[in-house]
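*Asks:* Just dropping this structure here.
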Amino acid sequence: MTHRQILEALSGLLLVLFVAMISGTIVSVALPQIIGALNGSQSQYTWVVTASLLAATASTPIWGKLADLFDKKLLIQISIVIFMVSSLACGFAQNTGQLIAFRAVQGLGMGALQVLVQVVIGAMISPKERGRYNGYLGGVMAVATVAGPLLGGLIADTSWLGWRWCFFVAVPFTIAALALLHKTLHVSSVRARNVKIDYVGATLIAAGVSVLLIWITFVGNSFDWLSWQTAVMAGGGLAVLALATWVESRVSQPVVPLHVVRRRTPALAILASLAVGMAMFGGAVFLGQYFQIGRGYTPTESGLLTIPMMLGVLVSSAVSGNLVSKTGRVKPYIVSGSIVLTAGFLVLSTMDHDTSLWLIGGAMVLVGAGVGMSMQNLVLAIQNTVPLRELGAASGAITFFRSLGGTIGVSVLGAVLAQQVATDITRGLARAGVTGRAAAESAGSLNLEALREPFATVIRTAYGDATGHIFLISAGIAAVGVVATLFLPRITLRDSVDLQPAEGEKAPA
């Protein structure tokens, strides 16, 4: 394909990616207001995010496998429709239970778009040249992440719109993406015989992870760490995941290709992506809550305050992408990104309810730069090691584990935050002379406008001080990614779309 043909096809793909990313960033900054309006709790706040991440995680490998077997263009169009319909449903939700359920359906579409865009790009462009086009991907990701919080804040603060339009606004973008893809995207259709999709494995993986995340949500509050409930839920979740691993090793076409995961480069890249996903998703989700509840800023102001992180992603992804294409080397940028990400979280771990915004902004730039240098290049590293026929499965595997890391990170950090906040609120209200039922009821409320003093002040201080704890955990998780990237072999990106057969070997049909 010529450069112009690639750009024409990329126009629709990048708009699709923009739609998926902007939906998450729009909602993230408005989520404190949404949960407050629906009278939700901190646990429900976490599950609004976790539900979509979990659905995306469970479905991503299936979409990746389908991309190796069926028409990639049709699959992207189907995923856009799923995403559009679920976005409308989220906008009409009347309580947090409905919102969590509709977000899970939305996650199915998000998971598909995440992996299918990468699969199609991988089928069009060689790994070495792909670094150049990853700059376009990074630019779109940065614009979506910068514009999303600002747009979400403006929508939430505009009285004649309201938070429901944070979901409705995705509809015109999805319609435009469908029309543009229909005109510009032309990829060859591959229809394999004897198609077998491992639905059993995917179901077991989703069930096992779900049980563990539900246990993380309730342990320490509803029951003790050492209790029969912990034994049943934690033990049961691990047993289901062990069964899923056994199933994956026996089926002919597994959801997670173990033969790919066992190789050194994919295994280390997946471990690093798992850590980056846990740190990035887990930490970034709660920044909007910190600025609004912990510092008292409006949704629009919170969106503006997240710009430093997005600028870090924009600059680092564009610069590292061009350097990767020029040099053909990717490991130095992955290692550097992991180290910078860890440093950013370490600085954020020192913040409380009155920390200087300049210090927080500088730390957010480091976090964004680390994500921009590491995340997409880890996908590139694993795609470089597999033949074209396994591209969908490999891309699905690394996206799966990154989403899994994000899902676990949000749940774990959300549970830690909820427990720390509850303790600090109880202690703060006790110092203010408020105890008993009134203290218990106010501790679980995020609707600060409905609370009188001293409740609102105590809750704001508790959220501001507790957020630093979860960023310290994020830094520890990101450090695991640093170790994994250091053990990556030296990677030289190939010039061809497919692996070249070794001398004496016959090229695959």
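Chain labels run A, B, ... following the order of the structure tokens; each chain numbers its residues from 1, and ligands are numbered from 1 in the order shown.
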Write out as an MDAnalysis selection string each polymer residue whose atoms come within 6 Å of Ala112 of chain A, counting only C-alpha atoms; drop sequence neighbours fewer than 3 positions from it.
*Replies:* chainID A and resid 60 63 79 109 115:116
*Asks:* Could those selected residues go to a file with C-alpha atoms, as a PDB file, in the first residue's frame?
*Replies:*
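Output saved as part.pdb:
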```
ATOM      1  CA  THR A  60     -10.689  -8.955  23.675  1.00  0.00           C
ATOM      2  CA  TRP A  63     -12.289 -10.485  18.975  1.00  0.00           C
ATOM      3  CA  SER A  79     -18.289  -3.515  17.436  1.00  0.00           C
ATOM      4  CA  GLY A 109     -17.528  -2.824  22.065  1.00  0.00           C
ATOM      5  CA  VAL A 115      -7.736  -4.954  19.449  1.00  0.00           C
ATOM      6  CA  LEU A 116      -9.260  -4.755  15.961  1.00  0.00           C
TER       7      LEU A 116
END
```
*Asks:* Which of these, A:Val416, A:Ala67, A:Ile121, A:Ile175, has the shortest distance to Ile82 of chain A once you count only C-alpha atoms?
*Replies:*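 Smallest separation from Ile82 of chain A among the options: A:Ile175.
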*Asks:* So which one's closest to Tyr45 of chain A, A:Ser28, A:Thr327, A:Gln420, A:Thr457? Using only C-alpha atoms, please.
*Replies:*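 Result for the nearest residue to Tyr45 of chain A: A:Ser28.
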*Asks:* What is the atom CA of Leu304 of chain A to atom CA of Ala415 of chain A distance in Å?
*Replies:*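 Atom CA of Leu304 of chain A sits 26.9 Å away from atom CA of Ala415 of chain A.
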